[in-house]
$ cat work38.txt   # compact mmCIF, C-alpha atoms
# COMPACT_ATOMS: atom_id res chain seq x y z
CA MET A 1 57.26 -23.63 42.79
CA ARG A 2 57.50 -19.90 42.47
CA PHE A 3 54.63 -18.14 40.67
CA THR A 4 55.64 -15.61 38.01
CA PRO A 5 52.90 -13.13 37.06
CA PRO A 6 52.35 -12.55 33.37
CA ALA A 7 53.95 -9.58 31.68
CA ARG A 8 51.92 -6.42 31.92
CA ASP A 9 50.78 -6.49 28.32
CA ALA A 10 50.68 -10.26 27.87
CA PRO A 11 47.22 -11.62 27.01
CA THR A 12 45.70 -13.77 29.74
CA THR A 13 41.96 -14.10 29.23
CA LEU A 14 39.51 -12.67 26.73
CA GLY A 15 38.04 -10.57 29.52
CA ASP A 16 41.44 -9.10 30.35
CA ARG A 17 42.10 -8.24 26.70
CA ALA A 18 38.68 -6.65 26.31
CA GLU A 19 39.25 -4.57 29.42
CA ARG A 20 42.65 -3.38 28.21
CA ASP A 21 41.19 -2.55 24.79
CA ALA A 22 38.47 -0.55 26.51
CA VAL A 23 41.06 1.31 28.58
CA ARG A 24 43.09 2.14 25.46
CA LEU A 25 39.94 3.28 23.69
CA ARG A 26 39.03 5.55 26.58
CA ARG A 27 42.53 7.05 26.54
CA VAL A 28 42.37 7.71 22.81
CA ALA A 29 38.84 9.06 23.11
CA GLY A 30 39.96 11.31 25.92
CA ARG A 31 42.59 12.84 23.66
CA ARG A 32 40.48 13.17 20.50
CA ILE A 33 36.86 13.69 21.52
CA PRO A 34 36.05 17.34 22.30
CA ARG A 35 36.23 18.52 25.88
CA GLY A 36 33.16 18.26 28.02
CA THR A 37 32.25 14.74 26.91
CA GLY A 38 34.29 12.83 29.46
CA SER A 39 31.45 12.62 31.96
CA LEU A 40 29.09 11.62 29.16
CA VAL A 41 31.39 8.75 28.18
CA GLY A 42 31.39 7.59 31.77
CA GLN A 43 27.61 7.72 32.01
CA ILE A 44 27.26 5.76 28.78
CA GLU A 45 29.81 3.16 29.93
CA THR A 46 27.87 2.60 33.14
CA THR A 47 24.53 2.50 31.22
CA ARG A 48 23.26 5.51 33.15
CA LYS A 49 22.76 7.41 29.90
CA LEU A 50 21.80 6.25 26.42
CA PRO A 51 24.25 7.30 23.67
CA THR A 52 22.83 9.52 20.98
CA ARG A 53 23.42 9.23 17.25
CA GLU A 54 25.22 12.59 17.34
CA PHE A 55 27.56 11.31 20.03
CA SER A 56 28.26 8.12 18.05
CA GLU A 57 29.05 10.10 14.92
CA ARG A 58 31.46 12.28 16.91
CA VAL A 59 33.18 9.18 18.26
CA ASP A 60 33.49 7.75 14.73
CA ALA A 61 34.97 11.01 13.49
CA ALA A 62 37.39 11.26 16.41
CA LEU A 63 38.60 7.66 16.30
CA GLY A 64 38.38 7.05 12.57
CA THR A 65 36.28 3.92 13.02
CA GLY A 66 34.57 4.15 9.64
CA GLY A 67 31.04 4.52 10.95
CA LEU A 68 31.22 1.51 13.30
CA PHE A 69 29.66 3.30 16.27
CA SER A 70 27.02 4.92 14.08
CA ARG A 71 25.96 1.50 12.82
CA LEU A 72 25.92 0.02 16.30
CA ILE A 73 23.90 2.89 17.72
CA GLY A 74 21.03 2.01 15.40
CA LEU A 75 20.80 -1.41 17.02
CA VAL A 76 21.05 0.07 20.49
CA LEU A 77 18.35 2.67 19.92
CA ARG A 78 15.95 0.26 18.23
CA SER A 79 16.33 -2.06 21.22
CA GLN A 80 14.73 0.68 23.34
CA LEU A 81 11.39 0.11 21.63
CA PRO A 82 8.88 -2.05 23.54
CA SER A 83 9.66 -5.74 23.02
CA TRP A 84 6.21 -6.39 21.56
CA PHE A 85 6.71 -3.57 19.03
CA GLN A 86 10.20 -4.48 17.83
CA PRO A 87 9.05 -7.16 15.31
CA TYR A 88 6.77 -4.62 13.64
CA ALA A 89 9.50 -1.95 13.59
CA ALA A 90 11.87 -4.42 11.89
CA LEU A 91 9.29 -5.15 9.18
CA GLU A 92 8.43 -1.47 8.82
CA ALA A 93 12.10 -0.79 8.07
CA LYS A 94 12.03 -3.41 5.29
CA ALA A 95 8.71 -2.40 3.74
CA THR A 96 8.53 -0.91 0.26
CA TYR A 97 5.04 0.53 0.84
CA ILE A 98 3.45 1.72 4.10
CA SER A 99 -0.13 2.84 4.39
CA THR A 100 -1.59 3.87 7.72
CA TYR A 101 -4.86 5.20 9.11
CA GLN A 102 -4.52 7.02 12.44
CA ALA A 103 -7.61 7.92 14.43
CA GLN A 104 -6.03 9.35 17.59
CA VAL A 105 -2.48 10.63 17.09
CA VAL A 106 0.00 11.49 14.35
CA TYR A 107 1.71 8.41 12.91
CA GLY A 108 4.98 7.63 14.71
CA LEU A 109 7.14 8.20 11.62
CA LEU A 110 5.73 11.73 11.32
CA GLN A 111 5.92 12.85 14.96
CA THR A 112 8.17 15.63 16.15
CA GLU A 113 10.35 14.79 19.12
CA GLU A 114 8.38 16.93 21.58
CA TYR A 115 5.03 15.59 20.34
CA ALA A 116 6.36 12.03 20.58
CA ARG A 117 7.54 12.67 24.13
CA ALA A 118 4.07 13.85 25.15
CA VAL A 119 2.42 10.82 23.52
CA LEU A 120 4.84 8.30 25.04
CA ALA A 121 4.56 9.87 28.49
CA THR A 122 0.88 8.90 28.66
CA GLY A 123 1.96 5.28 29.07
CA MET A 124 3.94 6.21 32.21
CA PRO A 125 7.08 4.32 31.03
CA ASP A 126 10.06 3.61 33.26
CA ASP A 127 12.47 4.91 30.59
CA LEU A 128 10.81 7.69 28.63
CA ASP A 129 14.10 8.91 27.14
CA GLY A 130 14.91 5.44 25.84
CA LEU A 131 11.50 5.02 24.22
CA LEU A 132 11.78 8.45 22.66
CA ALA A 133 15.24 7.71 21.27
CA GLY A 134 13.91 4.49 19.76
CA ARG A 135 11.03 6.29 18.08
CA MET A 136 13.28 8.97 16.62
CA GLU A 137 15.66 6.31 15.32
CA ARG A 138 12.73 4.53 13.70
CA GLN A 139 12.02 7.63 11.61
CA ARG A 140 15.39 7.36 9.87
CA ILE A 141 13.86 5.04 7.25
CA LEU A 142 12.31 8.15 5.68
CA ASP A 143 15.79 9.64 5.17
CA ARG A 144 17.16 6.73 3.16
CA GLU A 145 18.14 7.19 -0.46
CA ARG A 146 15.15 5.05 -1.42
CA PRO A 147 12.68 5.25 1.47
CA PRO A 148 9.41 3.31 1.46
CA LEU A 149 6.49 4.85 -0.37
CA ALA A 150 4.25 5.92 2.50
CA TRP A 151 0.65 7.10 2.66
CA ALA A 152 -0.94 8.39 5.86
CA VAL A 153 -4.63 9.09 6.41
CA LEU A 154 -5.15 11.11 9.59
CA ASP A 155 -8.54 11.59 11.17
CA GLU A 156 -9.29 15.29 11.56
CA ALA A 157 -9.51 14.68 15.31
CA VAL A 158 -5.72 14.18 15.28
CA LEU A 159 -5.28 17.82 14.27
CA HIS A 160 -7.54 19.16 17.02
CA ARG A 161 -6.30 17.07 19.95
CA PRO A 162 -3.84 19.41 21.76
CA ILE A 163 -1.17 16.92 22.70
CA GLY A 164 1.71 18.63 24.49
CA GLY A 165 0.08 22.06 24.36
CA ARG A 166 -0.38 24.76 21.73
CA GLU A 167 3.24 25.33 20.76
CA VAL A 168 3.97 21.63 20.47
CA MET A 169 0.91 21.16 18.27
CA ARG A 170 1.74 24.13 16.09
CA ARG A 171 5.20 22.77 15.41
CA GLN A 172 3.79 19.29 14.84
CA LEU A 173 1.30 20.50 12.24
CA ALA A 174 4.03 22.58 10.60
CA HIS A 175 6.10 19.40 10.41
CA LEU A 176 3.26 17.64 8.62
CA LEU A 177 3.18 20.47 6.10
CA ASP A 178 6.89 19.90 5.43
CA PHE A 179 5.83 16.68 3.70
CA ALA A 180 3.45 18.48 1.32
CA GLY A 181 5.95 18.27 -1.52
CA HIS A 182 7.67 15.09 -0.38
CA ARG A 183 8.24 12.58 -3.14
CA TRP A 184 7.72 9.46 -1.02
CA MET A 185 5.20 10.56 1.62
CA ARG A 186 1.58 11.60 1.13
CA ILE A 187 -0.78 12.81 3.86
CA GLN A 188 -4.56 12.98 3.64
CA VAL A 189 -7.04 14.10 6.29
CA LEU A 190 -10.32 12.30 6.86
CA PRO A 191 -12.64 15.22 7.72
CA PHE A 192 -15.33 15.24 10.38
CA GLY A 193 -17.80 15.77 7.57
CA ALA A 194 -17.15 12.26 6.28
CA GLY A 195 -19.32 10.97 9.11
CA GLU A 196 -19.28 7.21 9.58
CA HIS A 197 -16.44 5.58 7.71
CA ALA A 198 -14.72 2.27 6.96
CA SER A 199 -12.50 2.18 10.05
CA LEU A 200 -14.57 3.34 12.98
CA ALA A 201 -13.03 0.37 14.80
CA GLY A 202 -9.70 2.20 14.97
CA SER A 203 -6.23 2.67 13.50
CA PHE A 204 -4.35 0.14 11.40
CA ASN A 205 -1.28 -0.16 9.17
CA LEU A 206 -0.66 -2.05 5.94
CA LEU A 207 2.89 -3.04 4.97
CA ARG A 208 3.91 -4.31 1.54
CA PHE A 209 7.23 -5.89 0.58
CA GLU A 210 9.09 -6.84 -2.56
CA ASP A 211 9.43 -10.52 -1.72
CA ASP A 212 7.38 -11.16 1.42
CA PRO A 213 3.62 -11.36 2.11
CA ASP A 214 1.73 -8.18 2.99
CA ILE A 215 1.11 -7.47 6.68
CA VAL A 216 -1.76 -5.84 8.56
CA TYR A 217 -0.83 -4.39 11.93
CA THR A 218 -3.17 -3.26 14.72
CA GLU A 219 -2.71 -2.38 18.39
CA ASP A 220 -4.74 -2.82 21.52
CA LEU A 221 -4.17 -1.28 24.93
CA ILE A 222 -0.95 -3.14 25.73
CA SER A 223 0.39 -4.87 22.60
CA GLY A 224 0.45 -5.05 18.82
CA HIS A 225 -0.79 -7.71 16.42
CA MET A 226 0.42 -8.61 12.93
CA THR A 227 -1.15 -10.96 10.42
CA ALA A 228 -0.45 -12.04 6.86
CA ASN A 229 -3.81 -13.78 6.51
CA PRO A 230 -4.93 -13.17 2.88
CA ASP A 231 -8.55 -12.51 3.86
CA THR A 232 -7.49 -9.93 6.46
CA ILE A 233 -5.11 -8.32 3.98
CA ARG A 234 -7.88 -8.07 1.40
CA GLU A 235 -10.29 -6.59 3.95
CA GLY A 236 -7.68 -4.09 5.15
CA ALA A 237 -6.86 -2.98 1.61
CA LEU A 238 -10.56 -2.52 0.82
CA ARG A 239 -11.16 -0.47 3.95
CA TYR A 240 -8.10 1.67 3.27
CA ALA A 241 -9.29 2.37 -0.28
CA HIS A 242 -12.63 3.56 1.15
CA LEU A 243 -10.82 5.75 3.69
CA GLN A 244 -8.77 7.39 0.95
CA ALA A 245 -11.87 7.97 -1.15
CA SER A 246 -13.62 9.66 1.81
CA SER A 247 -10.61 11.83 2.66
CA LEU A 248 -9.66 15.24 1.40
CA SER A 249 -7.13 15.39 -1.42
CA VAL A 250 -3.48 15.88 -0.52
CA GLU A 251 -3.77 19.57 -1.43
CA GLU A 252 -7.05 20.07 0.45
CA SER A 253 -5.58 18.23 3.43
CA ALA A 254 -2.59 20.58 3.53
CA ALA A 255 -4.98 23.55 3.42
CA LEU A 256 -6.98 22.15 6.35
CA ILE A 257 -3.83 21.45 8.38
CA THR A 258 -2.71 25.04 7.74
CA ARG A 259 -6.07 26.43 8.79
CA VAL A 260 -6.20 24.42 12.01
CA MET A 261 -2.60 25.33 12.79
CA GLU A 262 -3.30 29.05 12.44
CA GLU A 263 -6.80 29.22 13.93
CA ARG A 264 -6.44 26.75 16.79
CA TYR A 265 -2.77 27.01 17.69
CA GLY A 266 -1.63 30.31 16.22
CA ASP A 267 -2.91 32.84 18.77
CA PRO A 268 -0.72 32.87 21.90
CA SER A 269 -3.23 35.08 23.73
CA ARG A 270 -5.81 32.29 23.80
CA PRO A 271 -5.86 30.15 26.95
CA GLU A 272 -4.57 26.62 26.68
CA GLU A 273 -7.25 23.98 26.13
CA ARG A 274 -6.10 20.93 28.07
CA ALA A 275 -8.60 18.23 28.81
CA VAL A 276 -8.58 16.62 32.25
CA ALA A 277 -9.17 12.88 32.26
$ encode --input "work38.txt" --output "C-alpha cells"
Amino acid sequence: MRFTPPARDAPTTLGDRAERDAVRLRRVAGRRIPRGTGSLVGQIETTRKLPTREFSERVDAALGTGGLFSRLIGLVLRSQLPSWFQPYAALEAKATYISTYQAQVVYGLLQTEEYARAVLATGMPDDLDGLLAGRMERQRILDRERPPLAWAVLDEAVLHRPIGGREVMRRQLAHLLDFAGHRWMRIQVLPFGAGEHASLAGSFNLLRFEDDPDIVYTEDLISGHMTANPDTIREGALRYAHLQASSLSVEESAALITRVMEERYGDPSRPEERAVA
C-alpha cells in the first residue's frame, strides 16, 4: 500500500497545528513589530529572556490581539516570584486594606527598581532579573482604578541604611515622597526616639478583605508564614495600632524623609558609606 503524505496545510496533530500557528505568528510579528526586536523574540521563545510588559503591549498593538499578551504577561511575571511567596502575593493583590511595618527595608510595593535589585541581590538568586520583574509586576496593584488602601510604617533605620549606594537611596526616598499626597497610600516613620516599641520582634503585614478572613504575614530567613488565627489577628492589629501611635504623623514623616534624603544622600562630595559584613 502506497503511503500518501498529508497536504501541506492539512491538520495532523495538535502539536503540528500549534507549531504552524506559531510560525504564522512569527511571520506576522516579523512584519508588524518594529525592527530590532527579532532577536528578542527569539530569546523569549527559547526562554533565554523574560518578556517585559512593554514588549507584550507592543505585541498586542502590532497584532491586534486585544490585550491578550498583556494579560498573559502578568501571569508569567508573577510566576517569577519565589514559590513560597506566591500565595501571599495572590492574597495581597485581592486585599482591600494592607498595613505593614518594615524594620529593615522599604516595603516591596514601594521600592524603586534599582533599590529592589540591590535588596534581591543579597539573597544571591539564580535569576535576579526574573525576581525583579516579578516584584515590579506586583506593584501594579497600586495603579488599579481602585487600589487597596495601604498604610506603611517604616522604621527610621530603613531611611539610613544605604542600600544600593547614595544615588539609589536618594531616588528611593524621593519615590516615597511621591506618595505624600496619594489618596490610597499613607507612609509613617517610626523614629529612633520612640525607643522600645510594639514590634521589636520584626516586620509583619496585615491584610484585610471584603469577604475573606484577615491575614497576618511574617517572614523568616528562608520562607513566609500566613495565618488567619483570630487571636493572632487581634494581637497583630493591637501591635500595629501601637506602632502607628508611636510614629510620626504622615506630614512629619515626609519632613523627616526629606531631611534624611538631603543631609545623608544629597551631597555627592561625601564618600560612600557602605558597610562590610
$ closest_residue --input "work38.txt" --among "A:Thr227, A:Thr218, A:Ser247, A:Thr122" --to "His197 (chain A)" --atoms "all atoms listed in the file"
A:Ser247
$ atom_distance --input "work38.txt" --atom1 "CA of Ala254 (chain A)" --atom2 "CA of Ile163 (chain A)"
19.6 Å
$ residues_around --input "work38.txt" --residues "Tyr265 (chain A)" --least-positions-apart "6" --cutoff "10 Å" --atoms "all atoms listed in the file" --output "VMD selection string"
chain A and resid 160 162 165 to 171 173 259 272
$ write_last_selection --input "work38.txt" --atoms "C-alpha atoms" --output "PDB file, in the coordinates of the input"
ATOM      1  CA  HIS A 160      -7.540  19.160  17.020  1.00  0.00           C
ATOM      2  CA  PRO A 162      -3.840  19.410  21.760  1.00  0.00           C
ATOM      3  CA  GLY A 165       0.080  22.060  24.360  1.00  0.00           C
ATOM      4  CA  ARG A 166      -0.380  24.760  21.730  1.00  0.00           C
ATOM      5  CA  GLU A 167       3.240  25.330  20.760  1.00  0.00           C
ATOM      6  CA  VAL A 168       3.970  21.630  20.470  1.00  0.00           C
ATOM      7  CA  MET A 169       0.910  21.160  18.270  1.00  0.00           C
ATOM      8  CA  ARG A 170       1.740  24.130  16.090  1.00  0.00           C
ATOM      9  CA  ARG A 171       5.200  22.770  15.410  1.00  0.00           C
ATOM     10  CA  LEU A 173       1.300  20.500  12.240  1.00  0.00           C
ATOM     11  CA  ARG A 259      -6.070  26.430   8.790  1.00  0.00           C
ATOM     12  CA  GLU A 272      -4.570  26.620  26.680  1.00  0.00           C
TER      13      GLU A 272
END
$ residues_around --input "work38.txt" --residues "region 175-189 of chain A" --least-positions-apart "3" --cutoff "8 Å" --atoms "all atoms listed in the file" --output "VMD selection string"
chain A and resid 110 to 112 147 to 156 171 to 172 244 247 to 251 253 to 254 257 to 258
$ atom_distance --input "work38.txt" --atom1 "CA of Ala194 (chain A)" --atom2 "CA of Ser246 (chain A)"
6.3 Å
$ atom_distance --input "work38.txt" --atom1 "CA of Leu131 (chain A)" --atom2 "CA of Pro82 (chain A)"
7.6 Å
$ residues_around --input "work38.txt" --residues "Pro230 (chain A)" --least-positions-apart "5" --cutoff "12 Å" --atoms "only C-alpha atoms" --output "ChimeraX atom specification"
/A:213-216,235-237
$ residues_around --input "work38.txt" --residues "Thr96 (chain A)" --least-positions-apart "2" --cutoff "10 Å" --atoms "all atoms listed in the file" --output "list in words"
Leu91, Glu92, Ala93, Lys94, Ile98, Arg146, Pro147, Pro148, Leu149, Ala150, Leu207, Arg208, Phe209, Glu210 and Asp211 of chain A
